file start32.csv (CSV, C-alpha atoms)
chain,number,residue,atom,x,y,z
A,1246,MET,CA,-16.9,6.6,10.9
A,1247,ASN,CA,-14.9,9.8,11.2
A,1248,TYR,CA,-14.0,12.0,8.3
A,1249,ALA,CA,-10.7,13.8,8.7
A,1250,GLN,CA,-10.7,16.3,5.9
A,1251,ALA,CA,-9.2,13.9,3.3
A,1252,ARG,CA,-9.7,10.4,4.6
A,1253,TYR,CA,-11.8,8.2,6.9
A,1254,GLN,CA,-11.0,6.8,10.3
A,1255,ASN,CA,-12.8,3.9,11.8
A,1256,PRO,CA,-13.3,4.6,15.6
A,1257,SER,CA,-13.9,1.0,16.5
A,1258,LEU,CA,-10.6,-0.1,14.9
A,1259,GLY,CA,-8.9,3.0,16.1
A,1260,ARG,CA,-7.3,3.2,12.6
A,1261,PHE,CA,-7.5,5.2,9.4
A,1262,ILE,CA,-9.1,3.0,6.8
A,1263,SER,CA,-8.2,5.2,3.9
A,1264,GLN,CA,-4.6,5.8,2.9
A,1265,ASP,CA,-2.7,9.0,3.2
A,1266,GLN,CA,-3.2,11.3,0.2
A,1267,ALA,CA,0.6,11.9,-0.1
A,1268,PHE,CA,1.4,8.2,-0.2
A,1269,LEU,CA,-1.1,7.6,-2.9
A,1270,SER,CA,0.9,10.1,-5.0
A,1271,VAL,CA,4.1,8.0,-4.8
A,1272,GLY,CA,5.3,7.7,-8.3
A,1273,ASP,CA,4.2,11.1,-9.3
A,1274,ASN,CA,6.9,13.5,-8.3
A,1275,ASN,CA,4.9,16.6,-9.2
A,1276,GLN,CA,2.0,15.6,-7.1
A,1277,ILE,CA,4.2,14.6,-4.1
A,1278,LYS,CA,5.9,18.0,-4.3
A,1279,GLN,CA,2.6,19.8,-4.5
A,1280,ILE,CA,1.2,18.1,-1.4
A,1281,THR,CA,4.3,17.8,0.7
A,1282,GLY,CA,6.8,20.4,-0.7
A,1283,HIS,CA,9.4,17.6,-0.9
A,1284,GLU,CA,10.9,15.7,-3.8
A,1285,LEU,CA,9.7,12.1,-4.2
A,1286,GLN,CA,13.1,10.7,-3.1
A,1287,GLN,CA,13.2,13.0,0.0
A,1288,TYR,CA,9.6,11.9,0.8
A,1289,LEU,CA,10.5,8.2,0.5
A,1290,SER,CA,13.6,8.6,2.6
A,1291,ASP,CA,11.5,8.9,5.8
A,1292,PRO,CA,10.1,5.5,6.6
A,1293,GLN,CA,7.3,7.1,8.6
A,1294,ASN,CA,5.9,8.6,5.3
A,1295,LEU,CA,5.5,5.1,4.0
A,1296,ASN,CA,3.1,4.1,6.7
A,1297,SER,CA,0.1,5.2,4.7
A,1298,TYR,CA,-2.4,4.5,7.5
A,1299,SER,CA,-0.7,6.4,10.2
A,1300,TYR,CA,-1.5,9.8,11.5
A,1301,VAL,CA,1.0,12.7,11.6
A,1302,LYS,CA,4.1,10.4,11.5
A,1303,ASN,CA,2.8,8.6,14.6
A,1304,ASN,CA,3.4,11.6,16.8
A,1305,PRO,CA,0.3,13.7,17.4
A,1306,LEU,CA,2.0,15.3,20.5
A,1307,ILE,CA,4.1,17.5,18.3
A,1308,VAL,CA,2.8,17.2,14.8
A,1309,ILE,CA,-0.5,18.4,13.4
A,1310,ASP,CA,-2.4,17.8,10.2
A,1311,ARG,CA,-4.5,20.8,9.2
A,1312,ASN,CA,-5.9,19.6,5.9
A,1313,GLY,CA,-5.7,15.8,6.1
A,1314,LYS,CA,-3.0,15.8,3.5
A,1315,TRP,CA,0.2,16.9,5.0
A,1316,ILE,CA,1.8,17.8,8.3
A,1317,ALA,CA,3.1,20.8,10.3
A,1318,TYR,CA,5.4,20.7,13.3
A,1319,LEU,CA,4.1,22.4,16.3
A,1320,LEU,CA,7.5,23.1,17.8
A,1321,GLY,CA,9.6,23.3,14.6
A,1322,GLU,CA,11.1,20.3,12.9
A,1323,LYS,CA,14.3,20.2,14.9
A,1324,ASN,CA,12.6,20.0,18.2
A,1325,ALA,CA,10.1,17.6,16.8
A,1326,VAL,CA,12.7,15.2,15.6
A,1327,ALA,CA,14.4,15.1,19.0
A,1328,LEU,CA,11.1,14.2,20.6
A,1329,GLY,CA,10.3,11.8,17.9
A,1330,ASN,CA,13.5,9.9,18.6
A,1331,TRP,CA,12.4,9.4,22.1
A,1332,ALA,CA,9.0,8.1,21.0
A,1333,ASN,CA,10.6,5.7,18.5
A,1334,GLY,CA,12.7,4.2,21.2
A,1335,ASN,CA,9.8,3.7,23.5
A,1336,ALA,CA,7.4,0.9,22.5
A,1337,VAL,CA,4.6,2.1,24.7
A,1338,ALA,CA,4.9,5.7,23.5
A,1339,GLN,CA,5.2,4.5,19.9
A,1340,TYR,CA,2.0,2.4,20.2
A,1341,ALA,CA,0.2,5.2,22.0
A,1342,THR,CA,1.1,7.8,19.4
A,1343,ASP,CA,0.2,5.5,16.6
A,1344,HIS,CA,-3.2,4.8,18.0
A,1345,PRO,CA,-4.3,8.2,19.4
A,1346,VAL,CA,-8.0,7.1,19.5
A,1347,ILE,CA,-7.6,3.8,21.4
A,1348,SER,CA,-4.2,4.3,23.1
A,1349,VAL,CA,-5.3,4.5,26.7
A,1350,GLY,CA,-7.5,1.4,26.5
A,1351,ALA,CA,-5.0,-0.5,24.5
A,1352,ILE,CA,-2.1,0.2,26.9
A,1353,THR,CA,-4.2,-0.8,29.8
A,1354,ILE,CA,-5.6,-4.0,28.5
A,1355,GLY,CA,-3.4,-4.8,25.6
A,1356,ALA,CA,0.0,-5.4,27.0
A,1357,GLY,CA,0.5,-8.2,24.4
A,1358,ALA,CA,-0.3,-5.9,21.6
A,1359,ILE,CA,2.2,-3.3,22.9
A,1360,ALA,CA,4.9,-6.0,23.2
A,1361,VAL,CA,4.6,-7.0,19.6
A,1362,GLY,CA,4.6,-3.4,18.4
A,1363,GLY,CA,1.0,-3.9,17.3
A,1364,VAL,CA,2.1,-5.6,14.1
A,1365,TYR,CA,0.6,-9.0,14.8
A,1366,ALA,CA,-1.7,-7.9,17.6
A,1367,ALA,CA,-5.0,-9.3,16.7
A,1368,GLY,CA,-5.6,-12.7,15.2
A,1369,GLY,CA,-2.0,-13.1,14.3
A,1370,SER,CA,-0.6,-16.6,14.7
A,1371,ILE,CA,3.1,-15.5,14.3
A,1372,ALA,CA,4.5,-14.3,17.6
A,1373,CYS,CA,7.5,-12.1,17.5
A,1374,GLY,CA,8.3,-11.5,21.1
A,1375,ASN,CA,11.1,-8.9,21.7
A,1376,LEU,CA,11.9,-8.9,18.0
A,1377,CYS,CA,8.7,-7.2,17.0
A,1378,PRO,CA,9.6,-3.6,17.5
A,1379,ALA,CA,12.2,-4.1,14.8
A,1380,ALA,CA,9.5,-5.9,12.7
A,1381,ALA,CA,7.2,-3.0,13.2
A,1382,SER,CA,9.9,-0.6,12.0
A,1383,ILE,CA,10.4,-2.7,8.9
A,1384,ILE,CA,6.8,-2.9,8.1
A,1385,ASP,CA,6.4,0.8,8.5
A,1386,SER,CA,9.1,1.3,6.0
A,1387,ILE,CA,7.0,-0.1,3.2
A,1388,GLY,CA,3.7,1.3,4.3
A,1389,ASN,CA,2.6,-2.1,5.3
A,1390,TYR,CA,0.9,-1.7,8.6
A,1391,PHE,CA,-2.0,-3.6,9.9
A,1392,SER,CA,-1.6,-3.3,13.6
A,1393,SER,CA,-4.9,-3.6,15.5
A,1394,GLN,CA,-6.9,-4.9,12.6
A,1395,THR,CA,-8.8,-8.1,13.1
A,1396,ASP,CA,-8.8,-10.7,10.3
A,1397,LYS,CA,-12.3,-9.7,9.5
A,1398,ALA,CA,-11.4,-6.0,9.2
A,1399,ALA,CA,-8.3,-6.7,7.2
A,1400,LYS,CA,-10.3,-8.9,4.8
A,1401,ALA,CA,-12.8,-6.1,4.4
A,1402,LEU,CA,-9.9,-3.8,3.4
A,1403,ASN,CA,-8.4,-6.3,0.9
A,1404,ASN,CA,-11.3,-8.4,0.0
A,1405,THR,CA,-8.8,-11.2,-0.5
A,1406,SER,CA,-7.7,-14.0,1.7
A,1407,PHE,CA,-4.5,-15.5,0.4
A,1408,ARG,CA,-5.3,-18.8,2.1
A,1409,ASP,CA,-8.2,-19.3,-0.2
A,1410,LEU,CA,-6.2,-18.8,-3.4
A,1411,GLN,CA,-4.6,-21.5,-5.5
A,1412,VAL,CA,-0.9,-21.8,-4.9
A,1413,VAL,CA,1.1,-22.9,-8.0
A,1414,PRO,CA,3.3,-26.0,-7.2
A,1415,SER,CA,6.7,-24.2,-7.5
A,1416,ALA,CA,5.5,-21.3,-5.3
A,1417,HIS,CA,4.3,-24.0,-2.8
A,1418,GLN,CA,7.8,-25.3,-2.6
A,1419,LYS,CA,9.2,-21.8,-1.9
A,1420,LEU,CA,6.5,-21.3,0.8
A,1421,ASP,CA,7.5,-24.6,2.3
A,1422,ALA,CA,11.1,-23.5,2.3
A,1423,LEU,CA,10.1,-20.3,4.1
A,1424,SER,CA,8.0,-22.3,6.5
A,1425,GLN,CA,10.9,-24.5,7.4
A,1426,LYS,CA,13.3,-21.5,7.7
A,1427,PHE,CA,11.0,-19.6,10.1
A,1428,GLY,CA,9.2,-22.5,11.8
A,1429,PHE,CA,5.7,-21.3,10.7
A,1430,SER,CA,3.3,-22.9,8.4
A,1431,ALA,CA,2.7,-21.7,4.9
A,1432,ASN,CA,-0.8,-20.9,5.9
A,1433,ASP,CA,0.5,-18.7,8.7
A,1434,ILE,CA,2.6,-16.7,6.2
A,1435,LEU,CA,-0.3,-16.4,3.7
A,1436,SER,CA,-2.6,-15.4,6.6
A,1437,GLN,CA,-0.3,-12.6,7.5
A,1438,ALA,CA,0.1,-11.5,3.9
A,1439,SER,CA,-3.7,-11.4,3.6
A,1440,LYS,CA,-3.8,-8.9,6.4
A,1441,SER,CA,-1.5,-6.5,4.6
A,1442,ALA,CA,-3.3,-3.4,3.6
A,1443,GLN,CA,-0.6,-2.5,1.2
A,1444,LYS,CA,0.1,-4.2,-2.1
A,1445,PHE,CA,2.5,-3.1,-4.8
A,1446,VAL,CA,2.3,-3.7,-8.5
A,1447,ASP,CA,5.6,-5.1,-9.9
A,1448,ASN,CA,6.1,-3.3,-13.1
A,1449,ALA,CA,9.1,-5.4,-14.1
A,1450,ASN,CA,7.1,-8.6,-13.9
A,1451,ASN,CA,3.9,-8.6,-15.8
A,1452,GLY,CA,2.1,-6.3,-13.3
A,1453,ASN,CA,2.2,-9.1,-10.6
A,1454,ILE,CA,1.1,-8.0,-7.1
A,1455,ASN,CA,3.7,-8.2,-4.4
A,1456,THR,CA,2.8,-8.2,-0.7
A,1457,TRP,CA,5.6,-7.9,1.8
A,1458,ILE,CA,5.5,-8.8,5.5
A,1459,PRO,CA,8.4,-8.7,8.0
A,1460,ARG,CA,10.4,-11.8,8.7
A,1461,PRO,CA,8.9,-13.3,11.8
A,1462,ASP,CA,12.5,-13.8,13.2
A,1463,GLY,CA,13.1,-10.1,13.1
A,1464,GLY,CA,16.0,-10.6,10.7
A,1465,GLN,CA,17.0,-8.4,7.8
A,1466,GLY,CA,14.6,-8.5,4.9
A,1467,LEU,CA,11.0,-9.0,4.1
A,1468,ILE,CA,8.9,-12.0,3.1
A,1469,ARG,CA,7.4,-11.5,-0.3
A,1470,VAL,CA,4.1,-13.2,-1.5
A,1471,THR,CA,3.3,-12.6,-5.1
A,1472,THR,CA,0.0,-13.1,-6.9
A,1473,ASN,CA,-0.9,-12.8,-10.5
A,1474,PRO,CA,-2.3,-9.4,-11.5
A,1475,GLU,CA,-5.9,-10.7,-11.1
A,1476,MET,CA,-5.0,-11.7,-7.6
A,1477,ASN,CA,-6.5,-15.2,-7.9
A,1478,ARG,CA,-3.3,-17.3,-7.8
A,1479,ILE,CA,-0.3,-17.2,-5.5
A,1480,ILE,CA,2.5,-17.5,-8.1
A,1481,SER,CA,5.7,-17.0,-6.1
A,1482,ALA,CA,7.1,-16.4,-2.6
A,1483,GLY,CA,10.5,-15.5,-1.3
A,1484,LEU,CA,12.6,-12.9,0.4
A,1485,ASN,CA,13.7,-9.4,-0.5
A,1486,THR,CA,16.0,-6.9,1.2
A,1487,ILE,CA,14.4,-3.7,2.4
A,1488,GLU,CA,17.0,-1.8,0.4
A,1489,ASN,CA,15.8,-3.5,-2.8
A,1490,VAL,CA,12.2,-2.9,-2.0
A,1491,LYS,CA,12.8,0.8,-1.2
A,1492,ASN,CA,14.9,1.2,-4.4
A,1493,GLY,CA,12.2,-0.4,-6.4
A,1494,ILE,CA,9.7,2.1,-5.1
A,1495,VAL,CA,12.0,5.0,-5.9
A,1496,ASN,CA,12.9,3.8,-9.4
A,1497,GLY,CA,9.3,3.0,-10.3
A,1498,ARG,CA,9.5,-0.8,-10.4
A,1499,PHE,CA,7.0,-1.1,-7.5
A,1500,THR,CA,3.9,1.2,-7.4
A,1501,PRO,CA,1.2,1.0,-4.8
A,1502,LEU,CA,-1.9,-0.9,-5.9
A,1503,LYS,CA,-4.7,1.6,-6.0
B,1197,MET,CA,34.2,-4.2,-2.7
B,1198,ALA,CA,34.7,-7.4,-0.7
B,1199,TYR,CA,30.9,-8.1,-0.8
B,1200,LYS,CA,30.7,-7.4,-4.5
B,1201,ASP,CA,33.7,-9.7,-5.1
B,1202,ALA,CA,32.3,-12.5,-3.0
B,1203,LEU,CA,28.9,-12.3,-4.8
B,1204,THR,CA,30.6,-12.2,-8.2
B,1205,LYS,CA,32.8,-15.2,-7.3
B,1206,LYS,CA,29.7,-17.2,-6.4
B,1207,ILE,CA,28.0,-16.3,-9.6
B,1208,TYR,CA,31.1,-17.4,-11.6
B,1209,ASN,CA,31.0,-20.7,-9.7
B,1210,LEU,CA,27.5,-21.3,-11.2
B,1211,ILE,CA,28.1,-20.1,-14.7
B,1212,SER,CA,31.4,-21.9,-15.0
B,1213,GLY,CA,29.7,-25.1,-14.1
B,1214,LYS,CA,31.5,-25.6,-10.8
B,1215,TRP,CA,28.2,-25.4,-8.9
B,1216,GLY,CA,24.7,-26.4,-9.9
B,1217,VAL,CA,21.7,-24.1,-9.1
B,1218,PRO,CA,20.8,-25.8,-5.8
B,1219,GLU,CA,24.4,-25.3,-4.5
B,1220,PHE,CA,24.5,-21.7,-5.8
B,1221,GLU,CA,21.2,-21.0,-4.1
B,1222,LYS,CA,22.5,-22.4,-0.9
B,1223,GLU,CA,25.7,-20.3,-1.1
B,1224,TYR,CA,24.4,-17.1,-2.6
B,1225,TYR,CA,20.9,-16.5,-1.4
B,1226,ARG,CA,21.4,-16.4,2.3
B,1227,TYR,CA,24.8,-14.6,1.9
B,1228,PHE,CA,23.2,-11.8,0.0
B,1229,LEU,CA,20.2,-11.4,2.3
B,1230,GLU,CA,21.9,-11.8,5.6
B,1231,GLN,CA,25.6,-11.0,5.2
B,1232,VAL,CA,25.7,-8.0,2.9
B,1233,PRO,CA,24.9,-4.9,4.9
B,1234,GLU,CA,22.6,-2.3,3.6
B,1235,GLY,CA,24.5,0.5,1.9
B,1236,SER,CA,27.6,-1.6,1.2
B,1237,LEU,CA,26.8,-1.8,-2.5
B,1238,THR,CA,26.1,0.9,-5.0
B,1239,LEU,CA,22.5,1.3,-6.4
B,1240,PRO,CA,23.3,-0.6,-9.6
B,1241,GLN,CA,25.2,-3.3,-7.6
B,1242,SER,CA,22.4,-3.7,-5.0
B,1243,THR,CA,19.8,-3.9,-7.8
B,1244,PHE,CA,21.8,-6.4,-9.9
B,1245,TYR,CA,22.8,-8.7,-7.1
B,1246,GLY,CA,19.4,-8.4,-5.5
B,1247,LEU,CA,17.8,-9.4,-8.8
B,1248,VAL,CA,20.1,-12.5,-9.0
B,1249,GLN,CA,18.8,-13.5,-5.5
B,1250,GLU,CA,15.2,-12.7,-6.3
B,1251,LYS,CA,15.2,-14.6,-9.6
B,1252,LEU,CA,16.2,-17.7,-7.5
B,1253,ASP,CA,12.7,-17.4,-6.0
B,1254,TRP,CA,11.4,-17.8,-9.5
B,1255,THR,CA,13.5,-20.8,-10.4
B,1256,ALA,CA,12.6,-24.4,-10.1
B,1257,GLU,CA,13.9,-27.6,-11.6
B,1258,ASN,CA,10.8,-28.3,-13.6
B,1259,PRO,CA,8.3,-25.5,-13.6
B,1260,ASN,CA,5.0,-26.3,-15.4
B,1261,GLU,CA,3.8,-24.4,-18.5
B,1262,GLN,CA,1.6,-22.1,-16.5
B,1263,GLU,CA,4.4,-21.3,-14.2
B,1264,LYS,CA,6.7,-20.5,-17.1
B,1265,LYS,CA,4.0,-18.1,-18.4
B,1266,ASP,CA,4.1,-16.6,-14.9
B,1267,GLY,CA,7.8,-16.0,-15.3
B,1268,TRP,CA,9.4,-19.0,-13.8
B,1269,PHE,CA,12.8,-20.3,-15.0
B,1270,ASN,CA,14.1,-23.8,-15.1
B,1271,TYR,CA,17.7,-24.3,-14.1
B,1272,PRO,CA,19.3,-23.9,-17.6
B,1273,GLU,CA,17.1,-20.8,-18.3
B,1274,TYR,CA,18.3,-19.2,-15.0
B,1275,ILE,CA,21.9,-19.9,-15.8
B,1276,GLU,CA,21.5,-18.4,-19.3
B,1277,TRP,CA,19.7,-15.3,-17.9
B,1278,LEU,CA,22.5,-15.0,-15.3
B,1279,LYS,CA,25.3,-15.3,-17.9
B,1280,ILE,CA,23.8,-12.6,-20.1
B,1281,ASN,CA,23.1,-10.2,-17.3
B,1282,THR,CA,26.4,-10.7,-15.6
B,1283,GLN,CA,28.2,-9.9,-18.8
B,1284,LEU,CA,26.2,-6.8,-19.4
B,1285,PHE,CA,26.6,-5.7,-15.8
B,1286,GLN,CA,30.3,-6.3,-15.8
B,1287,GLU,CA,30.8,-4.3,-19.0
B,1288,ASN,CA,28.9,-1.3,-17.6
B,1289,GLU,CA,27.2,-1.3,-14.2
B,1290,GLU,CA,25.5,2.1,-14.6
B,1291,GLY,CA,24.5,1.2,-18.2
B,1292,TRP,CA,23.0,-2.1,-17.0
B,1293,TYR,CA,21.0,-0.3,-14.4
B,1294,GLU,CA,19.7,2.5,-16.7
B,1295,ASN,CA,18.6,-0.2,-19.2
B,1296,TYR,CA,17.0,-2.2,-16.4
B,1297,ILE,CA,14.8,0.6,-15.1
B,1298,ARG,CA,14.0,1.8,-18.6
B,1299,MET,CA,11.8,-1.2,-19.1
B,1300,PHE,CA,9.3,-0.1,-16.5
B,1301,LYS,CA,9.8,3.6,-16.9
B,1302,ASN,CA,8.3,3.5,-20.4
call {"tool": "encode", "arguments": {"input": "start32.csv", "output": "structure tokens"}}
result
Amino acid sequence: MNYAQARYQNPSLGRFISQDQAFLSVGDNNQIKQITGHELQQYLSDPQNLNSYSYVKNNPLIVIDRNGKWIAYLLGEKNAVALGNWANGNAVAQYATDHPVISVGAITIGAGAIAVGGVYAAGGSIACGNLCPAAASIIDSIGNYFSSQTDKAAKALNNTSFRDLQVVPSAHQKLDALSQKFGFSANDILSQASKSAQKFVDNANNGNINTWIPRPDGGQGLIRVTTNPEMNRIISAGLNTIENVKNGIVNGRFTPLK
Amino acid sequence: MAYKDALTKKIYNLISGKWGVPEFEKEYYRYFLEQVPEGSLTLPQSTFYGLVQEKLDWTAENPNEQEKKDGWFNYPEYIEWLKINTQLFQENEEGWYENYIRMFKN
């Protein structure tokens, strides 16, 4: 286990296993401003900031993190953005920069993982093919990133497998509808939702817990799986637009489950 | 404006009784998710029309008692919720939005 000033990184997973300090402050404008120097809205406008398990916006070539809490650009932000655009348009570069610890090995032996943007790389039963870079981008935008985690590791993070939970009958119907729409079983959807390391409290609906995963067809929007606040029943499932999820985070409807 | 008008027209088809909930869901749900581009609606509009779509995920013909406690609507309850919110939204879009976010700000 590596300690990086403010959070831990698991070298065998090649991933941070604690969330970014700034992301954990979402919802508290003062704290966000103190850590990042930016207003909450400005912070949330950059999807990279919502990937709470990433390192230096996925670009360690040009961005550094001195205190484990916030970044600095080695070349100045303008130059960094230009380079960052290149990296974002290059699946291999993106994977490598997001996985600085394991990138060499992963690129050599994990062509499949690179092809799917890492999103469903290990243990995932939903294959995205060429659509997955878009899916990876979507999942980044809500801080819902579980790239190289195995089922076991993901369960250790969440301590909850949605497949083991009771699904209320009406939610089952909605899951079945999603299954038919996307051609995957309800269990596949629940399995992917289980792996999500990010869950959000829905403050407009009893404090239910929403988990979003990208649509497996790469289409616009996110699949939502909702549990009751105790997380022992699946009580709803459906789709949301990314815009509505982002707006919900900004206006306080959705807050990260801590 | 065209997207807003199209969504509103579909809503009126439901609350006027021209459509039932299943037909409304078929016409509205996918249209909102897949045809309305991001940024084409204002924040209050995106929130309102998104909520109309999302509530369909919490609507069933006969939800059981536990599901109702969880927040599920039956068809008449959804239509009633939609009528009330559509009226409030049409009277004052910004006011509807402010009122909506107030419930979880406090």
call {"tool": "closest_atom_pairs", "arguments": {"input": "start32.csv", "of": "chain B", "to": "chain A", "cutoff": "10 Å", "atoms": "all atoms listed in the file", "output": "JSON lines"}}
result
{"residue": "B:Tyr1225", "atom": "CA", "partner": "A:Leu1484", "partner_atom": "CA", "distance": 9.2}
{"residue": "B:Arg1226", "atom": "CA", "partner": "A:Leu1484", "partner_atom": "CA", "distance": 9.7}
{"residue": "B:Phe1228", "atom": "CA", "partner": "A:Thr1486", "partner_atom": "CA", "distance": 8.8}
{"residue": "B:Leu1229", "atom": "CA", "partner": "A:Thr1486", "partner_atom": "CA", "distance": 6.3}
{"residue": "B:Glu1230", "atom": "CA", "partner": "A:Gln1465", "partner_atom": "CA", "distance": 6.4}
{"residue": "B:Gln1231", "atom": "CA", "partner": "A:Gln1465", "partner_atom": "CA", "distance": 9.4}
{"residue": "B:Val1232", "atom": "CA", "partner": "A:Thr1486", "partner_atom": "CA", "distance": 9.9}
{"residue": "B:Pro1233", "atom": "CA", "partner": "A:Gln1465", "partner_atom": "CA", "distance": 9.1}
{"residue": "B:Glu1234", "atom": "CA", "partner": "A:Glu1488", "partner_atom": "CA", "distance": 6.5}
{"residue": "B:Gly1235", "atom": "CA", "partner": "A:Glu1488", "partner_atom": "CA", "distance": 8.0}
{"residue": "B:Leu1239", "atom": "CA", "partner": "A:Asn1492", "partner_atom": "CA", "distance": 7.9}
{"residue": "B:Ser1242", "atom": "CA", "partner": "A:Asn1489", "partner_atom": "CA", "distance": 7.0}
{"residue": "B:Thr1243", "atom": "CA", "partner": "A:Asn1489", "partner_atom": "CA", "distance": 6.4}
{"residue": "B:Phe1244", "atom": "CA", "partner": "A:Asn1489", "partner_atom": "CA", "distance": 9.7}
{"residue": "B:Tyr1245", "atom": "CA", "partner": "A:Asn1489", "partner_atom": "CA", "distance": 9.7}
{"residue": "B:Gly1246", "atom": "CA", "partner": "A:Asn1489", "partner_atom": "CA", "distance": 6.7}
{"residue": "B:Leu1247", "atom": "CA", "partner": "A:Asn1489", "partner_atom": "CA", "distance": 8.6}
{"residue": "B:Gln1249", "atom": "CA", "partner": "A:Asn1485", "partner_atom": "CA", "distance": 8.2}
{"residue": "B:Glu1250", "atom": "CA", "partner": "A:Asn1485", "partner_atom": "CA", "distance": 6.8}
{"residue": "B:Lys1251", "atom": "CA", "partner": "A:Gly1483", "partner_atom": "CA", "distance": 9.6}
{"residue": "B:Leu1252", "atom": "CA", "partner": "A:Gly1483", "partner_atom": "CA", "distance": 8.7}
{"residue": "B:Asp1253", "atom": "CA", "partner": "A:Gly1483", "partner_atom": "CA", "distance": 5.5}
{"residue": "B:Trp1254", "atom": "CA", "partner": "A:Ser1481", "partner_atom": "CA", "distance": 6.7}
{"residue": "B:Thr1255", "atom": "CA", "partner": "A:Ser1415", "partner_atom": "CA", "distance": 8.1}
{"residue": "B:Ala1256", "atom": "CA", "partner": "A:Ser1415", "partner_atom": "CA", "distance": 6.5}
{"residue": "B:Glu1257", "atom": "CA", "partner": "A:Ser1415", "partner_atom": "CA", "distance": 9.0}
{"residue": "B:Asn1258", "atom": "CA", "partner": "A:Ser1415", "partner_atom": "CA", "distance": 8.4}
{"residue": "B:Pro1259", "atom": "CA", "partner": "A:Ser1415", "partner_atom": "CA", "distance": 6.4}
{"residue": "B:Asn1260", "atom": "CA", "partner": "A:Ser1415", "partner_atom": "CA", "distance": 8.3}
{"residue": "B:Gln1262", "atom": "CA", "partner": "A:Val1413", "partner_atom": "CA", "distance": 8.6}
{"residue": "B:Glu1263", "atom": "CA", "partner": "A:Val1413", "partner_atom": "CA", "distance": 7.2}
{"residue": "B:Lys1265", "atom": "CA", "partner": "A:Asn1451", "partner_atom": "CA", "distance": 9.8}
{"residue": "B:Asp1266", "atom": "CA", "partner": "A:Ile1480", "partner_atom": "CA", "distance": 7.0}
{"residue": "B:Gly1267", "atom": "CA", "partner": "A:Asn1450", "partner_atom": "CA", "distance": 7.6}
{"residue": "B:Trp1268", "atom": "CA", "partner": "A:Ser1415", "partner_atom": "CA", "distance": 8.6}
{"residue": "B:Tyr1296", "atom": "CA", "partner": "A:Ala1449", "partner_atom": "CA", "distance": 8.8}
{"residue": "B:Ile1297", "atom": "CA", "partner": "A:Asn1496", "partner_atom": "CA", "distance": 6.8}
{"residue": "B:Arg1298", "atom": "CA", "partner": "A:Asn1496", "partner_atom": "CA", "distance": 9.5}
{"residue": "B:Met1299", "atom": "CA", "partner": "A:Ala1449", "partner_atom": "CA", "distance": 7.1}
{"residue": "B:Phe1300", "atom": "CA", "partner": "A:Asn1448", "partner_atom": "CA", "distance": 5.7}
{"residue": "B:Lys1301", "atom": "CA", "partner": "A:Gly1497", "partner_atom": "CA", "distance": 6.6}
call {"tool": "closest_residue", "arguments": {"input": "start32.csv", "among": "B:Glu1223, B:Glu1294, B:Leu1210, B:Leu1237", "to": "Lys1279 in chain B", "atoms": "only C-alpha atoms"}}
result
B:Leu1210
call {"tool": "atom_distance", "arguments": {"input": "start32.csv", "atom1": "CA of Arg1460 in chain A", "atom2": "CA of Phe1261 in chain A"}}
result
24.7 Å
call {"tool": "atom_distance", "arguments": {"input": "start32.csv", "atom1": "CA of Pro1240 in chain B", "atom2": "CA of Asn1281 in chain B"}}
result
12.3 Å
call {"tool": "atom_distance", "arguments": {"input": "start32.csv", "atom1": "CA of Val1217 in chain B", "atom2": "CA of Thr1471 in chain A"}}
result
22.1 Å
call {"tool": "residues_around", "arguments": {"input": "start32.csv", "residues": "Pro1501 in chain A", "least_positions_apart": "3", "cutoff": "8 Å", "atoms": "only C-alpha atoms", "output": "list in words"}}
result
Leu1269, Val1271, Gln1443, Lys1444, Phe1445 and Val1446 of chain A
